[in-house]
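target-v4.txt (compact mmCIF, C-alpha atoms) appears below.
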# COMPACT_ATOMS: atom_id res chain seq x y z
CA MET A 1 59.58 78.54 79.78
CA ARG A 2 58.11 78.16 83.24
CA THR A 3 58.13 74.38 82.91
CA PHE A 4 61.81 74.44 82.15
CA ILE A 5 62.54 76.45 85.25
CA LEU A 6 60.36 74.08 87.26
CA LEU A 7 62.12 71.13 85.66
CA ILE A 8 65.52 72.47 86.58
CA LEU A 9 64.40 73.11 90.14
CA PHE A 10 63.02 69.59 90.21
CA LEU A 11 66.32 68.26 88.96
CA PHE A 12 68.11 70.25 91.62
CA LEU A 13 66.24 68.43 94.35
CA PHE A 14 67.81 65.21 93.22
CA THR A 15 71.34 66.41 92.75
CA LYS A 16 72.17 65.98 96.40
CA MET A 17 71.81 62.25 96.10
CA GLY A 18 73.10 62.41 92.57
CA LEU A 19 75.74 59.89 91.71
CA THR A 20 77.58 59.29 88.53
CA HIS A 21 79.40 56.57 86.81
CA LYS A 22 82.70 58.35 86.91
CA ILE A 23 85.17 56.14 88.72
CA ASN A 24 88.16 57.08 90.80
CA ALA A 25 91.12 55.08 92.00
CA PHE A 26 93.50 55.65 94.85
CA ALA A 27 96.50 53.57 95.81
CA TYR A 28 99.52 53.73 98.07
CA ARG A 29 102.64 51.73 98.71
CA GLU A 30 103.66 49.88 101.84
CA GLY A 31 107.07 48.38 101.26
CA ASP A 32 106.60 45.86 98.50
CA GLN A 33 102.84 45.92 98.82
CA ILE A 34 100.52 48.20 96.89
CA ILE A 35 97.12 48.78 98.46
CA GLY A 36 94.36 50.57 96.65
CA GLU A 37 90.68 51.23 96.28
CA ALA A 38 88.38 52.08 93.39
CA TYR A 39 85.06 53.81 93.83
CA PHE A 40 82.41 55.71 91.91
CA ALA A 41 81.96 59.45 92.19
CA ASP A 42 79.43 59.06 95.00
CA GLY A 43 81.84 56.97 97.06
CA SER A 44 80.22 53.59 96.45
CA PRO A 45 82.76 50.84 95.74
CA CYS A 46 83.66 49.63 92.26
CA ILE A 47 82.95 45.93 92.70
CA LYS A 48 84.81 43.30 90.67
CA CYS A 49 86.32 45.82 88.32
CA LYS A 50 89.30 44.95 86.19
CA VAL A 51 92.61 46.31 87.47
CA GLU A 52 95.65 46.55 85.22
CA VAL A 53 99.08 47.37 86.60
CA TYR A 54 101.75 48.94 84.43
CA SER A 55 105.39 49.58 85.23
CA ASP A 56 107.19 52.88 84.72
CA LYS A 57 108.01 51.97 81.13
CA GLY A 58 104.44 51.10 80.27
CA VAL A 59 104.83 47.34 80.43
CA LYS A 60 101.87 45.48 81.86
CA ILE A 61 102.89 43.67 85.03
CA LEU A 62 99.68 42.37 86.45
CA ASP A 63 96.00 41.74 85.76
CA MET A 64 93.60 41.49 88.66
CA ALA A 65 90.17 42.57 89.93
CA THR A 66 88.79 44.50 92.87
CA ASP A 67 86.96 42.67 95.68
CA GLU A 68 83.44 43.26 97.06
CA LYS A 69 84.55 46.43 98.81
CA GLY A 70 86.29 47.82 95.74
CA LYS A 71 89.70 47.21 97.27
CA PHE A 72 92.74 45.61 95.73
CA SER A 73 96.25 44.84 96.87
CA PHE A 74 99.25 43.09 95.41
CA THR A 75 102.95 42.73 96.02
CA THR A 76 105.47 43.79 93.47
CA LYS A 77 109.22 43.86 93.06
CA GLU A 78 108.91 46.97 90.92
CA LYS A 79 110.86 49.80 92.57
CA GLY A 80 109.95 52.55 90.12
CA SER A 81 106.62 54.30 89.92
CA ILE A 82 103.63 52.19 89.01
CA LYS A 83 100.58 53.11 87.00
CA ILE A 84 97.28 51.47 87.89
CA LYS A 85 94.31 51.43 85.55
CA VAL A 86 90.86 50.52 86.82
CA ILE A 87 88.37 49.60 84.11
CA ALA A 88 84.67 49.50 84.87
CA GLY A 89 83.49 48.76 81.35
CA GLU A 90 81.26 50.92 79.14
CA GLY A 91 84.20 53.22 78.57
CA HIS A 92 84.73 54.09 82.21
CA LEU A 93 88.32 54.17 83.28
CA ALA A 94 90.34 55.57 86.15
CA GLU A 95 94.07 55.89 86.43
CA CYS A 96 96.31 56.46 89.40
CA LYS A 97 100.00 56.52 89.93
CA VAL A 98 102.00 55.18 92.84
CA GLU A 99 105.33 56.89 93.33
CA GLY A 100 108.44 54.75 93.24
CA LEU A 101 110.51 54.05 96.33
CA LYS A 102 113.33 56.48 96.97
CA SER A 103 116.77 54.98 96.37
CA SER A 104 117.67 54.81 100.08
CA GLN A 105 114.38 53.10 100.87
CA ALA A 106 114.56 50.93 97.82
CA SER A 107 117.81 49.36 98.91
CA LYS A 108 116.54 48.65 102.40
CA PRO A 109 114.28 45.66 101.80
CA GLU A 110 117.10 43.81 100.08
CA GLU A 111 119.41 44.60 102.96
CA TYR A 112 116.82 43.14 105.28
CA LYS A 113 116.57 40.01 103.28
CA ILE A 114 120.28 39.39 103.27
CA GLY A 115 120.46 40.24 106.93
CA GLY A 116 117.41 38.19 107.71
CA SER A 117 118.66 35.00 106.16
CA LYS A 118 122.07 35.40 107.64
CA THR A 119 120.93 36.18 111.18
CA GLU A 120 118.57 33.27 111.21
CA GLU A 121 121.34 30.99 110.21
CA LYS A 122 123.93 32.36 112.56
CA THR A 123 121.94 33.04 115.71
CA THR A 124 121.55 29.34 116.14
CA HIS A 125 125.31 29.07 116.18
CA LEU A 126 125.69 32.20 118.32
CA LYS A 127 128.53 33.43 116.16
CA LEU A 128 127.42 36.92 115.20
CA THR A 129 130.01 39.32 113.97
CA ASN A 130 129.72 42.96 114.88
CA GLU A 131 128.50 43.94 111.43
CA GLU A 132 125.80 41.27 111.31
CA MET A 133 124.68 42.22 114.81
CA LYS A 134 124.07 45.76 113.61
CA VAL A 135 121.98 44.53 110.71
CA ALA A 136 119.96 42.26 112.94
CA ILE A 137 119.24 45.03 115.43
CA LYS A 138 118.33 47.41 112.64
CA GLU A 139 115.89 44.89 111.27
CA ALA A 140 114.32 44.15 114.63
CA VAL A 141 113.91 47.84 115.48
CA GLY A 142 112.50 48.53 112.02
CA GLU A 143 110.00 45.71 112.43
CA ALA A 144 108.95 46.92 115.88
CA LEU A 145 108.60 50.50 114.67
CA LYS A 146 106.40 49.41 111.78
CA GLU A 147 104.26 47.42 114.19
CA THR A 148 103.73 50.35 116.58
CA ILE A 149 103.15 52.91 113.86
CA LYS A 150 100.76 50.75 111.85
CA PRO A 151 97.52 51.48 113.76
CA GLU A 152 98.21 55.20 113.58
CA THR A 153 99.11 55.29 109.90
CA GLU A 154 96.10 53.10 109.16
CA GLY A 155 93.86 55.80 110.62
CA ILE A 156 95.57 58.53 108.65
CA LYS A 157 95.35 56.50 105.45
CA ASN A 158 91.65 55.91 105.95
CA LEU A 159 91.15 59.60 106.59
CA LEU A 160 93.07 60.44 103.41
CA MET A 161 90.88 58.03 101.48
CA GLU A 162 87.75 59.68 102.88
CA VAL A 163 89.03 63.15 102.01
CA LYS A 164 89.92 62.00 98.49
CA LYS A 165 86.46 60.49 98.04
CA ASP A 166 84.83 63.66 99.26
CA MET A 167 86.90 65.73 96.85
CA ASP A 168 85.81 63.58 93.93
CA ARG A 169 82.13 63.94 94.72
CA ALA A 170 80.09 66.36 92.61
CA LYS A 171 79.65 69.55 94.60
CA LEU A 172 76.54 71.70 94.67
CA HIS A 173 78.53 74.88 94.07
CA ASP A 174 80.09 73.29 90.98
CA ILE A 175 76.63 72.44 89.67
CA ILE A 176 75.32 75.94 90.24
CA GLY A 177 78.52 77.40 88.83
CA GLY A 178 78.20 75.23 85.73
CA ILE A 179 74.66 76.42 85.08
CA GLY A 180 75.90 79.97 85.52
CA TYR A 181 78.63 79.40 82.96
CA ILE A 182 76.14 77.97 80.46
CA PHE A 183 73.83 80.96 80.77
CA GLY A 184 76.76 83.33 80.61
CA ILE A 185 78.20 81.77 77.47
CA TRP A 186 74.86 81.77 75.68
CA GLY A 187 74.37 85.35 76.80
CA MET A 188 77.63 86.28 75.10
CA VAL A 189 76.52 84.45 71.96
CA THR A 190 73.35 86.56 72.01
CA ILE A 191 75.36 89.77 72.33
CA LEU A 192 77.57 88.76 69.40
CA LYS A 193 74.50 87.95 67.32
CA PHE A 194 72.99 91.37 68.03
CA ARG A 195 76.27 93.14 67.25
CA LYS A 196 76.29 91.58 63.78
CA LYS A 197 72.81 92.88 63.03
CA MET B 198 77.15 57.55 78.89
CA HIS B 199 80.51 59.28 79.12
CA ILE B 200 83.57 57.66 77.63
CA SER B 201 86.56 58.38 79.85
CA GLU B 202 89.90 59.69 78.76
CA GLY B 203 92.44 57.13 77.63
CA VAL B 204 89.95 54.49 76.49
CA LEU B 205 89.68 55.28 72.81
CA SER B 206 92.34 55.20 70.12
CA PRO B 207 93.43 58.46 68.40
CA PRO B 208 91.68 57.76 65.05
CA VAL B 209 88.33 57.30 66.81
CA LEU B 210 88.89 60.47 68.83
CA LEU B 211 89.79 62.42 65.70
CA ALA B 212 86.78 61.12 63.77
CA GLY B 213 84.47 61.98 66.67
CA SER B 214 85.94 65.46 66.97
CA LEU B 215 85.58 66.15 63.24
CA LEU B 216 81.98 64.94 63.18
CA SER B 217 81.10 66.99 66.25
CA PHE B 218 82.87 70.02 64.83
CA SER B 219 80.78 69.90 61.67
CA GLY B 220 77.68 69.46 63.83
CA LEU B 221 78.68 72.47 65.92
CA ILE B 222 79.21 74.62 62.81
CA LEU B 223 75.84 73.58 61.41
CA GLY B 224 74.19 74.29 64.74
CA LEU B 225 75.75 77.71 65.17
CA LYS B 226 75.08 78.74 61.56
CA ASN B 227 71.38 78.00 61.78
CA LEU B 228 71.10 79.63 65.17
CA LYS B 229 68.14 81.94 65.63
CA THR B 230 68.68 84.65 68.21
CA GLU B 231 65.26 84.15 69.78
CA LYS B 232 66.06 80.44 70.28
CA ILE B 233 69.13 81.16 72.42
CA PRO B 234 67.43 81.38 75.84
CA GLU B 235 65.80 78.02 75.13
CA ILE B 236 69.15 76.50 74.18
CA ALA B 237 70.72 77.86 77.36
CA VAL B 238 68.01 76.35 79.55
CA LEU B 239 68.18 72.97 77.78
CA SER B 240 71.96 72.90 77.91
CA SER B 241 71.90 73.47 81.64
CA ALA B 242 69.17 70.83 82.03
CA PHE B 243 71.46 68.42 80.19
CA PHE B 244 74.38 69.48 82.36
CA VAL B 245 72.46 68.69 85.55
CA ALA B 246 70.64 65.59 84.26
CA SER B 247 73.78 63.48 84.24
CA LEU B 248 74.03 63.86 88.00
CA ILE B 249 70.67 62.21 88.55
CA HIS B 250 71.10 58.55 89.00
CA ILE B 251 68.36 56.02 88.84
CA PRO B 252 69.19 52.77 90.60
CA ILE B 253 68.32 49.74 88.49
CA GLY B 254 69.03 46.42 90.14
CA PRO B 255 72.72 46.14 90.95
CA THR B 256 73.81 49.08 88.81
CA SER B 257 72.42 52.49 88.08
CA ALA B 258 72.30 54.77 85.10
CA HIS B 259 71.88 58.49 84.84
CA LEU B 260 69.42 60.56 82.87
CA VAL B 261 70.67 62.05 79.62
CA LEU B 262 67.70 64.08 78.33
CA ASN B 263 69.17 64.29 74.83
CA GLY B 264 65.87 63.28 73.17
CA ILE B 265 63.95 66.35 74.29
CA ILE B 266 66.87 68.61 73.33
CA GLY B 267 67.03 67.15 69.82
CA LEU B 268 63.29 67.45 69.38
CA LEU B 269 63.16 71.09 70.44
CA LEU B 270 66.42 72.41 69.05
CA GLY B 271 67.31 70.55 65.83
CA TRP B 272 70.93 71.19 64.86
CA ALA B 273 71.39 73.55 67.81
CA THR B 274 71.50 70.33 69.88
CA PHE B 275 75.20 70.09 69.05
CA PRO B 276 76.26 73.36 70.72
CA ALA B 277 73.85 72.74 73.61
CA ILE B 278 75.20 69.27 74.38
CA PHE B 279 78.79 70.27 73.66
CA LEU B 280 78.66 73.05 76.23
CA GLY B 281 77.04 70.79 78.82
CA LEU B 282 79.66 68.09 78.28
CA LEU B 283 82.53 70.59 78.30
CA LEU B 284 81.50 71.90 81.70
CA GLN B 285 80.91 68.39 83.04
CA ALA B 286 84.41 67.45 81.93
CA LEU B 287 85.94 70.56 83.48
CA LEU B 288 84.01 70.59 86.75
CA PHE B 289 83.35 66.93 87.50
CA GLN B 290 85.84 65.13 85.26
CA PHE B 291 83.01 63.16 83.62
CA GLY B 292 84.24 62.07 80.25
CA GLY B 293 87.23 64.17 79.34
CA ILE B 294 88.53 66.90 77.07
CA THR B 295 89.98 64.53 74.46
CA THR B 296 86.81 62.43 74.33
CA LEU B 297 84.60 65.51 74.12
CA GLY B 298 84.16 65.14 70.37
CA VAL B 299 83.15 61.48 70.51
CA ASN B 300 80.84 62.05 73.46
CA THR B 301 79.19 65.05 71.83
CA PHE B 302 78.57 63.19 68.60
CA THR B 303 77.24 60.01 70.21
CA MET B 304 74.79 61.98 72.31
CA ALA B 305 73.78 64.74 69.91
CA PHE B 306 73.51 63.03 66.55
CA PRO B 307 70.72 60.47 67.22
CA PRO B 308 68.27 62.99 68.72
CA VAL B 309 68.89 65.45 65.88
CA VAL B 310 68.01 62.83 63.28
CA LEU B 311 65.08 61.47 65.27
CA GLY B 312 63.85 65.00 65.88
CA TYR B 313 63.74 65.65 62.14
CA ILE B 314 61.88 62.40 61.49
CA PHE B 315 59.28 62.71 64.24
CA ARG B 316 58.73 66.47 64.43
CA LYS B 317 55.87 66.39 61.90
CA PHE B 318 53.88 64.05 64.16
CA LEU B 319 53.68 66.67 66.87
CA GLN B 320 50.26 68.23 66.42
CA LYS B 321 48.22 70.27 68.79
CA ASP B 322 44.92 68.47 68.15
CA LYS B 323 46.37 64.94 68.22
CA ILE B 324 47.66 64.58 71.73
CA SER B 325 48.05 60.80 71.73
CA LEU B 326 50.03 60.82 68.48
CA THR B 327 52.25 63.56 69.88
CA PHE B 328 52.73 61.54 73.04
CA VAL B 329 53.80 58.41 71.16
CA ALA B 330 56.08 60.32 68.77
CA SER B 331 57.89 62.17 71.55
CA PHE B 332 58.12 58.97 73.59
CA LEU B 333 59.87 57.33 70.65
CA VAL B 334 62.26 60.25 70.22
CA GLY B 335 63.13 60.22 73.92
CA SER B 336 63.72 56.49 74.21
CA LEU B 337 65.25 55.81 70.79
CA SER B 338 67.75 58.61 71.32
CA ILE B 339 69.13 56.80 74.34
CA ILE B 340 69.20 53.43 72.59
CA LEU B 341 70.90 54.80 69.46
CA SER B 342 73.38 56.74 71.59
CA ALA B 343 74.22 53.53 73.45
CA ILE B 344 74.77 51.75 70.12
CA LEU B 345 77.02 54.58 68.88
CA ILE B 346 79.06 54.37 72.08
CA GLY B 347 79.34 50.63 71.59
CA LEU B 348 80.61 51.27 68.06
CA ALA B 349 83.19 53.76 69.32
CA LEU B 350 84.33 51.27 71.96
CA TYR B 351 84.42 48.45 69.43
CA PHE B 352 87.62 49.78 67.89
CA THR B 353 89.44 49.47 71.20
CA GLU B 354 87.68 46.61 72.97
CA LYS B 355 87.28 44.42 69.89
CA SER B 356 84.15 42.82 71.26
CA PHE B 357 81.07 44.49 69.89
CA ILE B 358 78.12 42.30 70.87
CA PRO B 359 78.86 41.86 74.63
CA VAL B 360 79.56 45.59 75.05
CA ILE B 361 76.38 46.50 73.21
CA ILE B 362 74.35 44.06 75.30
CA THR B 363 75.63 45.45 78.59
CA LEU B 364 75.17 49.00 77.37
CA LEU B 365 71.63 48.38 76.15
CA GLY B 366 70.78 46.44 79.30
CA ALA B 367 71.93 49.31 81.47
CA HIS B 368 70.20 51.95 79.40
CA PHE B 369 66.93 50.26 78.53
CA PRO B 370 65.15 51.36 81.73
CA ILE B 371 66.55 54.86 81.32
CA ALA B 372 65.26 54.87 77.75
CA ILE B 373 61.74 54.12 79.01
CA ILE B 374 61.94 56.77 81.73
CA GLU B 375 63.29 59.35 79.31
CA GLY B 376 60.57 58.48 76.83
CA PHE B 377 57.92 59.35 79.41
CA ILE B 378 59.73 62.51 80.53
CA THR B 379 60.02 63.67 76.91
CA SER B 380 56.35 62.93 76.22
CA PHE B 381 55.09 64.77 79.27
CA ILE B 382 57.25 67.82 78.58
CA VAL B 383 56.26 67.97 74.90
CA VAL B 384 52.53 67.54 75.59
CA TYR B 385 52.66 70.16 78.30
CA LEU B 386 54.58 72.59 76.09
CA LEU B 387 52.07 72.06 73.27
CA LYS B 388 49.30 73.17 75.58
CA VAL B 389 51.11 76.08 77.19
CA LYS B 390 53.54 77.38 74.58
CA PRO B 391 53.07 75.56 71.27
CA GLU B 392 55.44 77.83 69.31
CA VAL B 393 58.42 76.30 71.18
CA VAL B 394 57.62 72.81 69.88
CA LEU B 395 56.17 73.40 66.43

Take the structure in this file and express it as structure tokens.
Amino acid sequence: MRTFILLILFLFLFTKMGLTHKINAFAYREGDQIIGEAYFADGSPCIKCKVEVYSDKGVKILDMATDEKGKFSFTTKEKGSIKIKVIAGEGHLAECKVEGLKSSQASKPEEYKIGGSKTEEKTTHLKLTNEEMKVAIKEAVGEALKETIKPETEGIKNLLMEVKKDMDRAKLHDIIGGIGYIFGIWGMVTILKFRKK
Amino acid sequence: MHISEGVLSPPVLLAGSLLSFSGLILGLKNLKTEKIPEIAVLSSAFFVASLIHIPIGPTSAHLVLNGIIGLLLGWATFPAIFLGLLLQALLFQFGGITTLGVNTFTMAFPPVVLGYIFRKFLQKDKISLTFVASFLVGSLSIILSAILIGLALYFTEKSFIPVIITLLGAHFPIAIIEGFITSFIVVYLLKVKPEVVL
């Protein structure tokens, strides 16, 4: 019995640097672009893993792979929510969902496009109507806002990613708690066995 | 060695669950009260072992320790491994609740069978024979578990040989390491507390 206790203590020493093969995926949307990352439970990247993208209705849209840093990004016209599956082989799989654009937001990019093509055409002729002027200004302001906000949101996104990774890591209190549960459950089995006798 | 949720098809999941369920019943029926503390310790060892990663080249694999459990517990391996896997699924999301049956069977069945085959070679006065026998149980358990996982994945991935090759490649070093761990534990137990092993 003493060896077992020693063995468990020995195992404990290693749990801090313990990693597992469980993979996690995290993705977010930026306009038409979806940016994501896949990583193992210890936070190390999932390199060259298969990524499958499914639409809201379960139709496969895209097949791709993660890069050397475990990151992936793609552009999509899909406005609804998107399901991303990351497959690391040997039966390891992670899923994550990217929420769809809200209807007001969803219509915006198209508006831009129409506006964009029109303004380009017309500014050269300097014949902007009032309505088109509004669209052009809206677009320009939107673009400038995105540009200024980008560095800040980038930081927040990275922080979110770090927090998510940290949450997915195996925690020491979970390990100790798990061992406690195991002993507790077997203890109850023992009590039941004695009751029968 | 954990198959994640959503990888396997329902028939495979059902078959795995049924097989594990019968294993669990067998294990719990033949349970001896004085064996329970041992089962509890081995189940928690199994629970923790999966967190220990051994880096091998570009990848890494984790310890499983199912060989030693099968050798010491017999059919009680099923409840021991089931409980460990259940808590791993709940606390760390390794594997999953739906794949619990398949994972339990793939990891518990080979060591149970190997334990029954090799247990008679464990003798107090023949240390080297004991060492070899327990080494074989420890390492073959891993290899057979990897093959069973490959079989389970075959029904969804449709490519048996490449999956098996990658699985065996990843687990071969672990099999060797586990073989040694199993041997050392068994030999030590034979010297200190032979009634646990024999």

Show me as number ranges by chain the residues that reach within 7 Å of (69.6, 62.3, 84.1), counting all atoms listed in the file and using the file's own coordinates. B: 246-250, 259-262

Find the residues of chain B in contact range of chain A, meaning any atom within 8 Å when counting all atoms listed in the file, and list them as a ChimeraX atom specification. /B:198-204,230,233-242,244-250,258-259,280-281,284-285,288-292,347,350,360,363-364,382,386

Output file for the selection above: C-alpha atoms, as an mmCIF file, in the frame of the given file:
data_model
loop_
_atom_site.group_PDB
_atom_site.id
_atom_site.type_symbol
_atom_site.label_atom_id
_atom_site.label_comp_id
_atom_site.auth_asym_id
_atom_site.auth_seq_id
_atom_site.Cartn_x
_atom_site.Cartn_y
_atom_site.Cartn_z
ATOM 1 C CA MET B 198 77.150 57.550 78.890
ATOM 2 C CA HIS B 199 80.510 59.280 79.120
ATOM 3 C CA ILE B 200 83.570 57.660 77.630
ATOM 4 C CA SER B 201 86.560 58.380 79.850
ATOM 5 C CA GLU B 202 89.900 59.690 78.760
ATOM 6 C CA GLY B 203 92.440 57.130 77.630
ATOM 7 C CA VAL B 204 89.950 54.490 76.490
ATOM 8 C CA THR B 230 68.680 84.650 68.210
ATOM 9 C CA ILE B 233 69.130 81.160 72.420
ATOM 10 C CA PRO B 234 67.430 81.380 75.840
ATOM 11 C CA GLU B 235 65.800 78.020 75.130
ATOM 12 C CA ILE B 236 69.150 76.500 74.180
ATOM 13 C CA ALA B 237 70.720 77.860 77.360
ATOM 14 C CA VAL B 238 68.010 76.350 79.550
ATOM 15 C CA LEU B 239 68.180 72.970 77.780
ATOM 16 C CA SER B 240 71.960 72.900 77.910
ATOM 17 C CA SER B 241 71.900 73.470 81.640
ATOM 18 C CA ALA B 242 69.170 70.830 82.030
ATOM 19 C CA PHE B 244 74.380 69.480 82.360
ATOM 20 C CA VAL B 245 72.460 68.690 85.550
ATOM 21 C CA ALA B 246 70.640 65.590 84.260
ATOM 22 C CA SER B 247 73.780 63.480 84.240
ATOM 23 C CA LEU B 248 74.030 63.860 88.000
ATOM 24 C CA ILE B 249 70.670 62.210 88.550
ATOM 25 C CA HIS B 250 71.100 58.550 89.000
ATOM 26 C CA ALA B 258 72.300 54.770 85.100
ATOM 27 C CA HIS B 259 71.880 58.490 84.840
ATOM 28 C CA LEU B 280 78.660 73.050 76.230
ATOM 29 C CA GLY B 281 77.040 70.790 78.820
ATOM 30 C CA LEU B 284 81.500 71.900 81.700
ATOM 31 C CA GLN B 285 80.910 68.390 83.040
ATOM 32 C CA LEU B 288 84.010 70.590 86.750
ATOM 33 C CA PHE B 289 83.350 66.930 87.500
ATOM 34 C CA GLN B 290 85.840 65.130 85.260
ATOM 35 C CA PHE B 291 83.010 63.160 83.620
ATOM 36 C CA GLY B 292 84.240 62.070 80.250
ATOM 37 C CA GLY B 347 79.340 50.630 71.590
ATOM 38 C CA LEU B 350 84.330 51.270 71.960
ATOM 39 C CA VAL B 360 79.560 45.590 75.050
ATOM 40 C CA THR B 363 75.630 45.450 78.590
ATOM 41 C CA LEU B 364 75.170 49.000 77.370
ATOM 42 C CA ILE B 382 57.250 67.820 78.580
ATOM 43 C CA LEU B 386 54.580 72.590 76.090
#

Can you pull out every residue within 12 Å of range 322-327 of chain B, counting only C-alpha atoms, but drop anything in the same chain fewer than 6 positions away, and send it as a list in words? Leu268, Phe315, Arg316, Leu333, Val334, Gly376, Phe377, Thr379, Ser380, Phe381, Ile382, Val383, Val384, Tyr385, Leu386, Leu387, Lys388, Pro391, Val394 and Leu395 of chain B

Separation of CA of Asn24 in chain A from CA of Gly213 in chain B in Å: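 Straight-line distance from CA of Gly213 in chain B to CA of Asn24 in chain A works out to 24.9 Å.
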
So the first atom is CA of Glu78 in chain A and the second is CA of Ile35 in chain A; what is the distance between them in Å, to one decimal place?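 Separation between CA of Glu78 in chain A and CA of Ile35 in chain A: 14.1 Å.
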